[in-house]
Each structure stands twice: as C-alpha cells, then as structure tokens.
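Chemist: Have a look at this one before I ask anything.
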Amino acid sequence: MKQKTSSKGRDLLRLFASFFKIGLFTFGGGYAMLPMLERELVEDRKWVTNEDILDYFAVGQCTPGVIAVNTATLVGYKRAKVLGAVIATLGVICPSVIIITVIAAVLSNFADIPAVQHAFAGIRVAVCALITAAVIKLIKSNVKSVVQILLAVAAFAVVAVLGASPVWVVVGASVAGLLLGKFGKKPKDEEAEK
C-alpha cells in the first residue's frame, strides 16, 4: 500500500514537473506551447498521442480560459483524474505567476532600454517560427485526404480572412466530420476497406 502511494506521488510529481517545464519555457501563449507539449507529453513521456493533443487544443479553444491551462487540466485529468488535473494546472501556471511577479516588480525600470525592446522583438519572431513549425508538423500528421485539406483551407480562410470566432470553426468542422464520416479514418483504414 505504501509503495502504491509512493508511486502515485512520484507520478504526480512528474506531472507537475513536466507542466512546470512547459509553462516555464513557453513564450507567446498557448499555440507556442504546442511543440513543447508534443515533445514532452507525446514523444518523451508517451502520456498522450498527437491526436489527443489536437483534441485537447480544440476543447481548450472552445472553452473559457487560457488554452495552456485548459490543455494541462485535460492531460492531468487523463493521467490522474481530479488530483492530476489540479497538479498539471498548478504546474503550468506557477512559472507564469513567478515570472510575472518578478517582471512587474522590475520591468517598469527597464522597459525603455533599447536592448530590452530588441530582446522582446527577437522573442516574438522566435515564437512565430515555433508556431509555424508546430502547424506544419500537425498538418503533415493529420491532414491526409482531399476533404481534410479542403476543410483545413476553409477553416483557415474563415478565421484569417473573415475574422470568425475559432469556436464556430471548431464546431463547424466537428459537424462536417460527423456528416462526412471520414475524418476518423486513417489512409491505412481506407486501403483495408478496398
């Protein structure tokens, strides 16, 4: 019994540490954390799949709150139910709380220094590159059929050009997936049916 409790404690500590690391090194919001989520949770820890991460991101986008926190809560819940959700959420927000507190205390003294402004400009460019890399990786691993490509292009156009809410795009894509019944199939599944 003691060993089981100790093992659960270690699992919760790993969960906290993983999300603390993600929260500590993510700059630029929830989308910028996607590459770190993939590396830490899918590749290194193997706690979730790429499809799970996409599902959590979709739910995180549609629910109130910050995507990073919503995603951490969902992954934590999958790993260790309510306690896991709380631990993962605390892990991802603790670095931000600590850093924001420190920055708020000192940034007003340094914000006008050109070197600080240039550093922030460089961080913004790096965040754009990280988001672009994550999007390309997700497209390669998830958009396989012509219908999926058309839906992805339409979703992008509706959000980027028309300025529609991403919530409606996710809902619309869900409905399209249900109606077409093909999004759950992988190319291998389609070959096996032939």
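Every chain in the structure tokens has a letter given in the order shown (A, B, ...), and although residue numbers restart at 1 in each chain, ligands are simply numbered from 1 in the order shown.
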Could you list, as a list in words, every residue within 10 Å of A:Met33, counting only C-alpha atoms and ignoring same-chain residues fewer than 2 positions away?

Modeler: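 Using only C-alpha atoms, the neighbours found are Ile22, Gly23, Phe25, Thr26, Phe27, Gly28, Gly29, Gly30, Tyr31, Pro35, Met36, Leu37, Glu38, Ile67, Ala68, Val127, Leu130, Ile131 and Ala134 of chain A.
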
Chemist: Please identify all polymer residues within 9 Å of stretch 138-142 of chain A, counting only C-alpha atoms, omitting same-chain residues fewer than 4 positions from it, and present them as an MDAnalysis selection string.

Modeler: chainID A and resid 50:51 54 133:134 148:149 152 186

Chemist: Between A:Ala80, A:Ala58, A:Val153, A:Val170, which residue has the minimum interatomic distance to A:Arg14, considering only C-alpha atoms?

Modeler: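 Closest to A:Arg14 of all the choices is A:Ala80.
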
Chemist: As a list in words, please: every residue in stretch 19-52 of chain A that DSSP puts in helix (DSSP H, G or I).

Modeler: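 In stretch 19-52 of chain A, DSSP puts these residues in helix (DSSP H, G or I): Phe19, Phe20, Lys21, Ile22, Gly23, Leu24, Phe25, Tyr31, Ala32, Met33, Leu34, Pro35, Met36, Leu37, Glu38, Arg39, Glu40, Leu41, Val42, Glu43, Asp44, Asn50, Glu51 and Asp52 of chain A.
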
Chemist: Produce a file of the selected residues containing C-alpha atoms, as a PDB file, in the first residue's frame.

Modeler:
ATOM      1  CA  PHE A  19       3.939  21.076 -16.935  1.00  0.00           C
ATOM      2  CA  PHE A  20       6.148  23.410 -14.892  1.00  0.00           C
ATOM      3  CA  LYS A  21       8.827  22.991 -17.573  1.00  0.00           C
ATOM      4  CA  ILE A  22       6.292  23.605 -20.341  1.00  0.00           C
ATOM      5  CA  GLY A  23       4.968  26.686 -18.548  1.00  0.00           C
ATOM      6  CA  LEU A  24       8.489  27.956 -17.851  1.00  0.00           C
ATOM      7  CA  PHE A  25       9.753  27.758 -21.420  1.00  0.00           C
ATOM      8  CA  TYR A  31      -0.205  27.933 -29.541  1.00  0.00           C
ATOM      9  CA  ALA A  32       3.502  28.434 -28.943  1.00  0.00           C
ATOM     10  CA  MET A  33       3.415  25.699 -26.314  1.00  0.00           C
ATOM     11  CA  LEU A  34       2.266  23.084 -28.842  1.00  0.00           C
ATOM     12  CA  PRO A  35       5.787  21.991 -29.875  1.00  0.00           C
ATOM     13  CA  MET A  36       6.774  21.591 -26.210  1.00  0.00           C
ATOM     14  CA  LEU A  37       3.597  19.643 -25.452  1.00  0.00           C
ATOM     15  CA  GLU A  38       4.331  17.296 -28.323  1.00  0.00           C
ATOM     16  CA  ARG A  39       7.917  16.736 -27.297  1.00  0.00           C
ATOM     17  CA  GLU A  40       7.308  16.384 -23.557  1.00  0.00           C
ATOM     18  CA  LEU A  41       3.964  14.566 -23.451  1.00  0.00           C
ATOM     19  CA  VAL A  42       3.849  12.624 -26.718  1.00  0.00           C
ATOM     20  CA  GLU A  43       7.467  11.833 -27.578  1.00  0.00           C
ATOM     21  CA  ASP A  44       9.252  11.754 -24.193  1.00  0.00           C
ATOM     22  CA  ASN A  50      -0.760  13.634 -31.176  1.00  0.00           C
ATOM     23  CA  GLU A  51      -4.470  13.156 -31.779  1.00  0.00           C
ATOM     24  CA  ASP A  52      -5.142  13.633 -28.046  1.00  0.00           C
TER      25      ASP A  52
END

Chemist: Would you compute the distance between atom CA of A:Leu151 and atom CA of A:Gln61? Give it in Å to one decimal.

Modeler: 17.8 Å

Chemist: If you measure from atom CA of A:Leu180 to atom CA of A:Trp168, what distance in Å do you get, rounded to one decimal?

Modeler: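 Between these atoms lies a distance of 17.9 Å.
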
Chemist: Between atom CA of A:Leu162 and atom CA of A:Val146, what is the distance, to one decimal in Å?

Modeler: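 About the pair atom CA of A:Leu162 and atom CA of A:Val146: they are 22.7 Å apart.
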
Chemist: I'd like the neighbourhood of A:Leu12 as a list in words, where a residue qualifies if any of its atoms comes within 8 Å (using only C-alpha atoms), though same-chain residues fewer than 2 positions away should be ignored.

Modeler: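 Returned residues: Lys8, Gly9, Arg10, Arg14, Leu15, Phe16, Ala80, Gly84 and Ile87 of chain A.
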
Chemist: For the selection you just gave me, I'd like the residues written to a file as an mmCIF file, in the first residue's frame, keeping N, CA and C atoms.

Modeler:
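Generated output (out-v6.cif):
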data_model
loop_
_atom_site.group_PDB
_atom_site.id
_atom_site.type_symbol
_atom_site.label_atom_id
_atom_site.label_comp_id
_atom_site.auth_asym_id
_atom_site.auth_seq_id
_atom_site.Cartn_x
_atom_site.Cartn_y
_atom_site.Cartn_z
ATOM 1 N N LYS A 8 2.284 6.727 -6.815
ATOM 2 C CA LYS A 8 1.332 7.749 -7.241
ATOM 3 C C LYS A 8 1.906 9.144 -6.991
ATOM 4 N N GLY A 9 2.572 9.314 -5.854
ATOM 5 C CA GLY A 9 3.200 10.602 -5.549
ATOM 6 C C GLY A 9 4.261 10.961 -6.574
ATOM 7 N N ARG A 10 5.068 9.968 -6.975
ATOM 8 C CA ARG A 10 6.100 10.211 -7.999
ATOM 9 C C ARG A 10 5.461 10.585 -9.339
ATOM 10 N N ARG A 14 6.032 14.020 -11.319
ATOM 11 C CA ARG A 14 6.451 14.069 -12.731
ATOM 12 C C ARG A 14 5.469 14.926 -13.548
ATOM 13 N N LEU A 15 4.197 14.767 -13.266
ATOM 14 C CA LEU A 15 3.174 15.545 -13.959
ATOM 15 C C LEU A 15 3.377 17.039 -13.703
ATOM 16 N N PHE A 16 3.578 17.387 -12.427
ATOM 17 C CA PHE A 16 3.826 18.784 -12.074
ATOM 18 C C PHE A 16 5.099 19.290 -12.751
ATOM 19 N N ALA A 80 -4.401 11.316 -13.983
ATOM 20 C CA ALA A 80 -4.664 11.021 -12.571
ATOM 21 C C ALA A 80 -5.956 11.659 -12.072
ATOM 22 N N GLY A 84 -4.822 14.886 -10.611
ATOM 23 C CA GLY A 84 -3.905 15.105 -11.732
ATOM 24 C C GLY A 84 -4.209 16.400 -12.465
ATOM 25 N N ILE A 87 -2.913 19.235 -10.252
ATOM 26 C CA ILE A 87 -1.440 19.267 -10.235
ATOM 27 C C ILE A 87 -0.892 19.795 -11.564
#

Chemist: Nearest residue to A:Val92 out of A:Val69, A:Val158, A:Ile113, A:Val171, using only C-alpha atoms?

Modeler: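 Looking only at the distances to A:Val92, the closest residue turns out to be A:Val69.
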
Chemist: Go through A:Val167, A:Ser96, A:Thr101, A:Asp112 one by one, measure the shortest atom-to-atom distance of each to A:Gly60 using only C-alpha atoms, and give the residue with the smallest value.

Modeler: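 Between A:Val167, A:Ser96, A:Thr101, A:Asp112, the residue approaching A:Gly60 most closely is A:Val167.
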